[in-house]
Amino acid sequence: MAHLLMVESWVGAMSRLLPRAIREGGHEFTFLTRDLHHYLRTAPEGAAHPLLGARHVLTADTNDLDTLLPYIARLHPALGFDGVLTSCDYYLPTAARIAARLGLPGPAPEAVENACRKDATRERLAAAGVPGPRFAVCADRSEAAAAAAEIGYPLVLKPVDLCAGMFVRRVDDEAELTRAYRVLDAFPVNARGQRRAPLVLLEGLLHGPEVSVETVTFDGSTQVIGVTDKSVGGEPAFIETGHMFPAALPAADAAAAQETAVRAIEALGLDGVVAHTEIKLTPDGPRLVEVNPRPAGNRITELIRHVTGIDTAAAAVDVALGQRPDLRERETGLRSAAIGFLVPRTVGVLEAVDGADLVRAAPGVLELQLAAPGTAVKEAGSNNAYLGHVMAGDAEGPAARRRVESLLSELHPRVVNR
């Protein structure tokens, strides 16, 4: 039985999938957090959060590496950690630093830090010749205005160190650039209490469908699990509205996307990681969007498992322990699986979701999860605003997306102002 240290976590699906994978692998974990109430608040009423099934729950300032690393080093001889992991993007570099300090398996901290910083990713991939958009890293509005004029509108403005599409905006002129900058300036600290880097990334707008390539890199070799498609809405924001695995793509497009993802992972120097690499399939070929050195979010891990039998959350546990993961495909009875998200169209308070009983009883439904009545409904500006999702599979071919879109059309959030 191995003992893992889990440093923080997202509070969504992965906060349940990783503890499950650890437990099903015959292992145990210690959970380390700076704010236990952050997780207690997200547990269903009357239920304990799976993260609290840890062997130990430790509280320390996970945002202060200077005190955290010596603290964990002092605990290590007594608790005996065999690996370190996290599902939360904001703590991927921290987990890598801890693993390196303890001499445990894990990716190079510098590689993880570069992957988690959008500006560093762009610079390193451009130097390696991995195709991407024209870009500029800007320290203030005047630099951004000058760079925008040089690159040309329309552009995409991105904070360099936020997640889930937060504050990523399309801008079509200087007035929109100024507005996007002003909104971002009002958010100096992220949701985990970390001060945001005062930089933005400007990129030329890429046209074409977006996909993600799911991979596992171990012992210097990257294995592609498959390609997931993505639907995006909510302009000028970029909100993921659904996914299907595997993507219904021509073989040549899928191969080109896979090759681009593997090149990007190699260029960043990532090893010992499960990765989720986002790519635009433009008329000029694949263009790299970003590399996320952790399993895919938005329940893509479950789409993969439903179709292939491969558990990428379990693979993340294995590579954190320095063990080669089992990536053999198994017959599941499904040829595709898709998920669609219920994105709010108005703000207020959720009274109910009409049509839920009908969808829940429909054939082929794998999951239906909806926000509870009384939930505050906020403006949909990122992937954090969903009111729920529906997941369905197709046993014959790539029709899961059509099935999910049909089911979503039956769900009608009733939002009221109080």
# chains A, B, ... in the order shown; residues from 1 in each chain; ligands from 1
>>> residues_around(residues="Glu410 (chain A)", least_positions_apart="3", cutoff="12 Å", atoms="only C-alpha atoms", output="VMD selection string")
chain A and resid 342 353 to 360 362 390 403 to 407 413
>>> residues_around(residues="Ile22 (chain A)", least_positions_apart="5", cutoff="10 Å", atoms="only C-alpha atoms", output="MDAnalysis selection string")
chainID A and resid 2:4 17 27:29 313:314 316:318
>>> atom_distance(atom1="CA of Leu32 (chain A)", atom2="CA of Asp66 (chain A)")
15.8 Å
>>> select_by_dssp(residues="region 91-152 of chain A", states="alpha helix (DSSP H)", output="JSON, numbers by chain")
{"A": [92, 93, 94, 95, 96, 97, 98, 99, 100, 101, 102, 109, 110, 111, 112, 113, 114, 115, 116, 118, 119, 120, 121, 122, 123, 124, 125, 126, 127, 128, 141, 142, 143, 144, 145, 146, 147, 148, 149, 150, 151]}
>>> select_by_dssp(residues="region 22-170 of chain A", states="strand (DSSP E or B)", output="VMD selection string")
chain A and resid 28 to 33 56 to 59 83 to 85 135 to 138 155 to 159 169 to 170
>>> atom_distance(atom1="CA of Glu329 (chain A)", atom2="CA of Ala399 (chain A)")
20.5 Å
>>> residues_around(residues="Asp271 (chain A)", least_positions_apart="2", cutoff="7 Å", atoms="only C-alpha atoms", output="ChimeraX atom specification")
/A:107,217-220,269,273
>>> write_last_selection(atoms="N, CA and C atoms", output="PDB file, in the first residue's frame")
ATOM      1  N   PRO A 107       7.269  15.163 -12.318  1.00  0.00           N
ATOM      2  CA  PRO A 107       7.829  15.944 -13.421  1.00  0.00           C
ATOM      3  C   PRO A 107       8.785  17.015 -12.898  1.00  0.00           C
ATOM      4  N   THR A 217       2.456  10.630 -20.254  1.00  0.00           N
ATOM      5  CA  THR A 217       3.890  10.592 -20.511  1.00  0.00           C
ATOM      6  C   THR A 217       4.578   9.929 -19.331  1.00  0.00           C
ATOM      7  N   PHE A 218       5.337   8.882 -19.627  1.00  0.00           N
ATOM      8  CA  PHE A 218       6.019   8.125 -18.569  1.00  0.00           C
ATOM      9  C   PHE A 218       7.344   7.634 -19.111  1.00  0.00           C
ATOM     10  N   ASP A 219       8.388   7.828 -18.312  1.00  0.00           N
ATOM     11  CA  ASP A 219       9.727   7.354 -18.667  1.00  0.00           C
ATOM     12  C   ASP A 219      10.152   7.866 -20.043  1.00  0.00           C
ATOM     13  N   GLY A 220       9.825   9.130 -20.317  1.00  0.00           N
ATOM     14  CA  GLY A 220      10.276   9.782 -21.533  1.00  0.00           C
ATOM     15  C   GLY A 220       9.480   9.480 -22.781  1.00  0.00           C
ATOM     16  N   GLY A 269       9.413  19.766 -21.875  1.00  0.00           N
ATOM     17  CA  GLY A 269      10.199  18.906 -21.003  1.00  0.00           C
ATOM     18  C   GLY A 269       9.380  18.176 -19.964  1.00  0.00           C
ATOM     19  N   VAL A 273       3.610  12.705 -16.390  1.00  0.00           N
ATOM     20  CA  VAL A 273       2.373  13.471 -16.280  1.00  0.00           C
ATOM     21  C   VAL A 273       1.272  12.874 -17.155  1.00  0.00           C
TER      22      VAL A 273
END
>>> decode(residues="region 201-238 of chain A", atoms="N, CA, C and O atoms", output="PDB file, in the first residue's frame")
ATOM      1  N   LEU A 201      -1.533  37.983 -21.832  1.00  0.00           N
ATOM      2  CA  LEU A 201      -1.095  37.420 -23.105  1.00  0.00           C
ATOM      3  C   LEU A 201      -2.109  37.831 -24.165  1.00  0.00           C
ATOM      4  O   LEU A 201      -3.312  37.615 -23.997  1.00  0.00           O
ATOM      5  N   LEU A 202      -1.640  38.450 -25.218  1.00  0.00           N
ATOM      6  CA  LEU A 202      -2.479  38.751 -26.372  1.00  0.00           C
ATOM      7  C   LEU A 202      -2.141  37.782 -27.486  1.00  0.00           C
ATOM      8  O   LEU A 202      -0.961  37.569 -27.798  1.00  0.00           O
ATOM      9  N   GLU A 203      -3.172  37.193 -28.089  1.00  0.00           N
ATOM     10  CA  GLU A 203      -2.966  36.231 -29.172  1.00  0.00           C
ATOM     11  C   GLU A 203      -3.881  36.565 -30.340  1.00  0.00           C
ATOM     12  O   GLU A 203      -5.018  37.017 -30.140  1.00  0.00           O
ATOM     13  N   GLY A 204      -3.391  36.310 -31.542  1.00  0.00           N
ATOM     14  CA  GLY A 204      -4.260  36.404 -32.692  1.00  0.00           C
ATOM     15  C   GLY A 204      -5.365  35.360 -32.590  1.00  0.00           C
ATOM     16  O   GLY A 204      -5.138  34.234 -32.158  1.00  0.00           O
ATOM     17  N   LEU A 205      -6.580  35.732 -32.948  1.00  0.00           N
ATOM     18  CA  LEU A 205      -7.720  34.823 -32.861  1.00  0.00           C
ATOM     19  C   LEU A 205      -7.557  33.678 -33.856  1.00  0.00           C
ATOM     20  O   LEU A 205      -7.349  33.902 -35.052  1.00  0.00           O
ATOM     21  N   LEU A 206      -7.650  32.454 -33.356  1.00  0.00           N
ATOM     22  CA  LEU A 206      -7.537  31.267 -34.199  1.00  0.00           C
ATOM     23  C   LEU A 206      -8.928  30.816 -34.631  1.00  0.00           C
ATOM     24  O   LEU A 206      -9.858  30.780 -33.809  1.00  0.00           O
ATOM     25  N   HIS A 207      -9.069  30.430 -35.885  1.00  0.00           N
ATOM     26  CA  HIS A 207     -10.352  29.981 -36.410  1.00  0.00           C
ATOM     27  C   HIS A 207     -10.307  28.477 -36.668  1.00  0.00           C
ATOM     28  O   HIS A 207      -9.295  27.941 -37.128  1.00  0.00           O
ATOM     29  N   GLY A 208     -11.427  27.822 -36.366  1.00  0.00           N
ATOM     30  CA  GLY A 208     -11.521  26.391 -36.605  1.00  0.00           C
ATOM     31  C   GLY A 208     -11.977  25.664 -35.358  1.00  0.00           C
ATOM     32  O   GLY A 208     -12.015  26.235 -34.252  1.00  0.00           O
ATOM     33  N   PRO A 209     -12.347  24.395 -35.496  1.00  0.00           N
ATOM     34  CA  PRO A 209     -12.804  23.622 -34.336  1.00  0.00           C
ATOM     35  C   PRO A 209     -11.685  23.411 -33.326  1.00  0.00           C
ATOM     36  O   PRO A 209     -10.507  23.336 -33.690  1.00  0.00           O
ATOM     37  N   GLU A 210     -12.068  23.323 -32.060  1.00  0.00           N
ATOM     38  CA  GLU A 210     -11.098  23.081 -30.990  1.00  0.00           C
ATOM     39  C   GLU A 210     -11.229  21.661 -30.483  1.00  0.00           C
ATOM     40  O   GLU A 210     -12.342  21.138 -30.315  1.00  0.00           O
ATOM     41  N   VAL A 211     -10.087  21.027 -30.252  1.00  0.00           N
ATOM     42  CA  VAL A 211     -10.046  19.671 -29.706  1.00  0.00           C
ATOM     43  C   VAL A 211      -9.031  19.646 -28.578  1.00  0.00           C
ATOM     44  O   VAL A 211      -8.249  20.577 -28.388  1.00  0.00           O
ATOM     45  N   SER A 212      -9.063  18.563 -27.823  1.00  0.00           N
ATOM     46  CA  SER A 212      -7.996  18.338 -26.838  1.00  0.00           C
ATOM     47  C   SER A 212      -7.445  16.942 -27.051  1.00  0.00           C
ATOM     48  O   SER A 212      -8.169  16.016 -27.441  1.00  0.00           O
ATOM     49  N   VAL A 213      -6.152  16.812 -26.808  1.00  0.00           N
ATOM     50  CA  VAL A 213      -5.470  15.527 -26.944  1.00  0.00           C
ATOM     51  C   VAL A 213      -5.118  15.059 -25.536  1.00  0.00           C
ATOM     52  O   VAL A 213      -4.447  15.765 -24.779  1.00  0.00           O
ATOM     53  N   GLU A 214      -5.579  13.858 -25.192  1.00  0.00           N
ATOM     54  CA  GLU A 214      -5.360  13.311 -23.853  1.00  0.00           C
ATOM     55  C   GLU A 214      -4.182  12.333 -23.928  1.00  0.00           C
ATOM     56  O   GLU A 214      -4.191  11.403 -24.738  1.00  0.00           O
ATOM     57  N   THR A 215      -3.180  12.552 -23.091  1.00  0.00           N
ATOM     58  CA  THR A 215      -1.947  11.771 -23.161  1.00  0.00           C
ATOM     59  C   THR A 215      -1.466  11.374 -21.775  1.00  0.00           C
ATOM     60  O   THR A 215      -1.841  11.972 -20.767  1.00  0.00           O
ATOM     61  N   VAL A 216      -0.594  10.368 -21.753  1.00  0.00           N
ATOM     62  CA  VAL A 216       0.144   9.993 -20.553  1.00  0.00           C
ATOM     63  C   VAL A 216       1.611   9.893 -20.952  1.00  0.00           C
ATOM     64  O   VAL A 216       1.954   9.171 -21.889  1.00  0.00           O
ATOM     65  N   THR A 217       2.456  10.630 -20.254  1.00  0.00           N
ATOM     66  CA  THR A 217       3.890  10.592 -20.511  1.00  0.00           C
ATOM     67  C   THR A 217       4.578   9.929 -19.331  1.00  0.00           C
ATOM     68  O   THR A 217       4.413  10.359 -18.180  1.00  0.00           O
ATOM     69  N   PHE A 218       5.337   8.882 -19.627  1.00  0.00           N
ATOM     70  CA  PHE A 218       6.019   8.125 -18.569  1.00  0.00           C
ATOM     71  C   PHE A 218       7.344   7.634 -19.111  1.00  0.00           C
ATOM     72  O   PHE A 218       7.409   7.095 -20.219  1.00  0.00           O
ATOM     73  N   ASP A 219       8.388   7.828 -18.312  1.00  0.00           N
ATOM     74  CA  ASP A 219       9.727   7.354 -18.667  1.00  0.00           C
ATOM     75  C   ASP A 219      10.152   7.866 -20.043  1.00  0.00           C
ATOM     76  O   ASP A 219      10.731   7.127 -20.849  1.00  0.00           O
ATOM     77  N   GLY A 220       9.825   9.130 -20.317  1.00  0.00           N
ATOM     78  CA  GLY A 220      10.276   9.782 -21.533  1.00  0.00           C
ATOM     79  C   GLY A 220       9.480   9.480 -22.781  1.00  0.00           C
ATOM     80  O   GLY A 220       9.826   9.959 -23.866  1.00  0.00           O
ATOM     81  N   SER A 221       8.380   8.729 -22.665  1.00  0.00           N
ATOM     82  CA  SER A 221       7.572   8.360 -23.833  1.00  0.00           C
ATOM     83  C   SER A 221       6.128   8.776 -23.614  1.00  0.00           C
ATOM     84  O   SER A 221       5.562   8.540 -22.533  1.00  0.00           O
ATOM     85  N   THR A 222       5.521   9.397 -24.626  1.00  0.00           N
ATOM     86  CA  THR A 222       4.138   9.860 -24.527  1.00  0.00           C
ATOM     87  C   THR A 222       3.212   8.935 -25.296  1.00  0.00           C
ATOM     88  O   THR A 222       3.435   8.658 -26.470  1.00  0.00           O
ATOM     89  N   GLN A 223       2.178   8.454 -24.620  1.00  0.00           N
ATOM     90  CA  GLN A 223       1.137   7.645 -25.267  1.00  0.00           C
ATOM     91  C   GLN A 223      -0.135   8.472 -25.376  1.00  0.00           C
ATOM     92  O   GLN A 223      -0.609   9.036 -24.387  1.00  0.00           O
ATOM     93  N   VAL A 224      -0.671   8.544 -26.578  1.00  0.00           N
ATOM     94  CA  VAL A 224      -1.922   9.258 -26.805  1.00  0.00           C
ATOM     95  C   VAL A 224      -3.092   8.342 -26.479  1.00  0.00           C
ATOM     96  O   VAL A 224      -3.191   7.228 -27.010  1.00  0.00           O
ATOM     97  N   ILE A 225      -3.977   8.820 -25.621  1.00  0.00           N
ATOM     98  CA  ILE A 225      -5.191   8.067 -25.282  1.00  0.00           C
ATOM     99  C   ILE A 225      -6.270   8.331 -26.327  1.00  0.00           C
ATOM    100  O   ILE A 225      -7.031   7.442 -26.691  1.00  0.00           O
ATOM    101  N   GLY A 226      -6.340   9.549 -26.820  1.00  0.00           N
ATOM    102  CA  GLY A 226      -7.332   9.876 -27.833  1.00  0.00           C
ATOM    103  C   GLY A 226      -7.526  11.373 -27.939  1.00  0.00           C
ATOM    104  O   GLY A 226      -6.860  12.162 -27.260  1.00  0.00           O
ATOM    105  N   VAL A 227      -8.451  11.759 -28.812  1.00  0.00           N
ATOM    106  CA  VAL A 227      -8.741  13.168 -29.068  1.00  0.00           C
ATOM    107  C   VAL A 227     -10.200  13.434 -28.695  1.00  0.00           C
ATOM    108  O   VAL A 227     -11.101  12.674 -29.083  1.00  0.00           O
ATOM    109  N   THR A 228     -10.428  14.498 -27.963  1.00  0.00           N
ATOM    110  CA  THR A 228     -11.763  14.911 -27.527  1.00  0.00           C
ATOM    111  C   THR A 228     -12.159  16.167 -28.280  1.00  0.00           C
ATOM    112  O   THR A 228     -11.348  17.079 -28.436  1.00  0.00           O
ATOM    113  N   ASP A 229     -13.405  16.239 -28.734  1.00  0.00           N
ATOM    114  CA  ASP A 229     -13.838  17.486 -29.368  1.00  0.00           C
ATOM    115  C   ASP A 229     -14.441  18.413 -28.318  1.00  0.00           C
ATOM    116  O   ASP A 229     -14.679  18.026 -27.170  1.00  0.00           O
ATOM    117  N   LYS A 230     -14.627  19.656 -28.704  1.00  0.00           N
ATOM    118  CA  LYS A 230     -15.090  20.668 -27.763  1.00  0.00           C
ATOM    119  C   LYS A 230     -16.006  21.642 -28.475  1.00  0.00           C
ATOM    120  O   LYS A 230     -15.720  22.068 -29.593  1.00  0.00           O
ATOM    121  N   SER A 231     -17.117  21.987 -27.825  1.00  0.00           N
ATOM    122  CA  SER A 231     -17.948  23.092 -28.321  1.00  0.00           C
ATOM    123  C   SER A 231     -17.784  24.263 -27.362  1.00  0.00           C
ATOM    124  O   SER A 231     -17.694  24.086 -26.149  1.00  0.00           O
ATOM    125  N   VAL A 232     -17.699  25.446 -27.936  1.00  0.00           N
ATOM    126  CA  VAL A 232     -17.421  26.656 -27.153  1.00  0.00           C
ATOM    127  C   VAL A 232     -18.461  27.710 -27.491  1.00  0.00           C
ATOM    128  O   VAL A 232     -18.853  27.879 -28.652  1.00  0.00           O
ATOM    129  N   GLY A 233     -18.937  28.419 -26.485  1.00  0.00           N
ATOM    130  CA  GLY A 233     -19.904  29.498 -26.695  1.00  0.00           C
ATOM    131  C   GLY A 233     -19.633  30.635 -25.744  1.00  0.00           C
ATOM    132  O   GLY A 233     -18.612  30.686 -25.069  1.00  0.00           O
ATOM    133  N   GLY A 234     -20.584  31.574 -25.685  1.00  0.00           N
ATOM    134  CA  GLY A 234     -20.528  32.643 -24.704  1.00  0.00           C
ATOM    135  C   GLY A 234     -19.694  33.841 -25.077  1.00  0.00           C
ATOM    136  O   GLY A 234     -19.251  34.575 -24.194  1.00  0.00           O
ATOM    137  N   GLU A 235     -19.436  34.064 -26.387  1.00  0.00           N
ATOM    138  CA  GLU A 235     -18.613  35.221 -26.760  1.00  0.00           C
ATOM    139  C   GLU A 235     -19.160  36.507 -26.122  1.00  0.00           C
ATOM    140  O   GLU A 235     -20.374  36.661 -25.996  1.00  0.00           O
ATOM    141  N   PRO A 236     -18.241  37.393 -25.688  1.00  0.00           N
ATOM    142  CA  PRO A 236     -16.802  37.392 -25.960  1.00  0.00           C
ATOM    143  C   PRO A 236     -15.994  36.483 -25.044  1.00  0.00           C
ATOM    144  O   PRO A 236     -14.778  36.396 -25.184  1.00  0.00           O
ATOM    145  N   ALA A 237     -16.649  35.825 -24.066  1.00  0.00           N
ATOM    146  CA  ALA A 237     -15.952  34.826 -23.260  1.00  0.00           C
ATOM    147  C   ALA A 237     -15.818  33.535 -24.076  1.00  0.00           C
ATOM    148  O   ALA A 237     -16.415  33.398 -25.151  1.00  0.00           O
ATOM    149  N   PHE A 238     -15.040  32.596 -23.538  1.00  0.00           N
ATOM    150  CA  PHE A 238     -14.874  31.298 -24.182  1.00  0.00           C
ATOM    151  C   PHE A 238     -15.286  30.237 -23.165  1.00  0.00           C
ATOM    152  O   PHE A 238     -14.498  29.828 -22.310  1.00  0.00           O
TER     153      PHE A 238
END
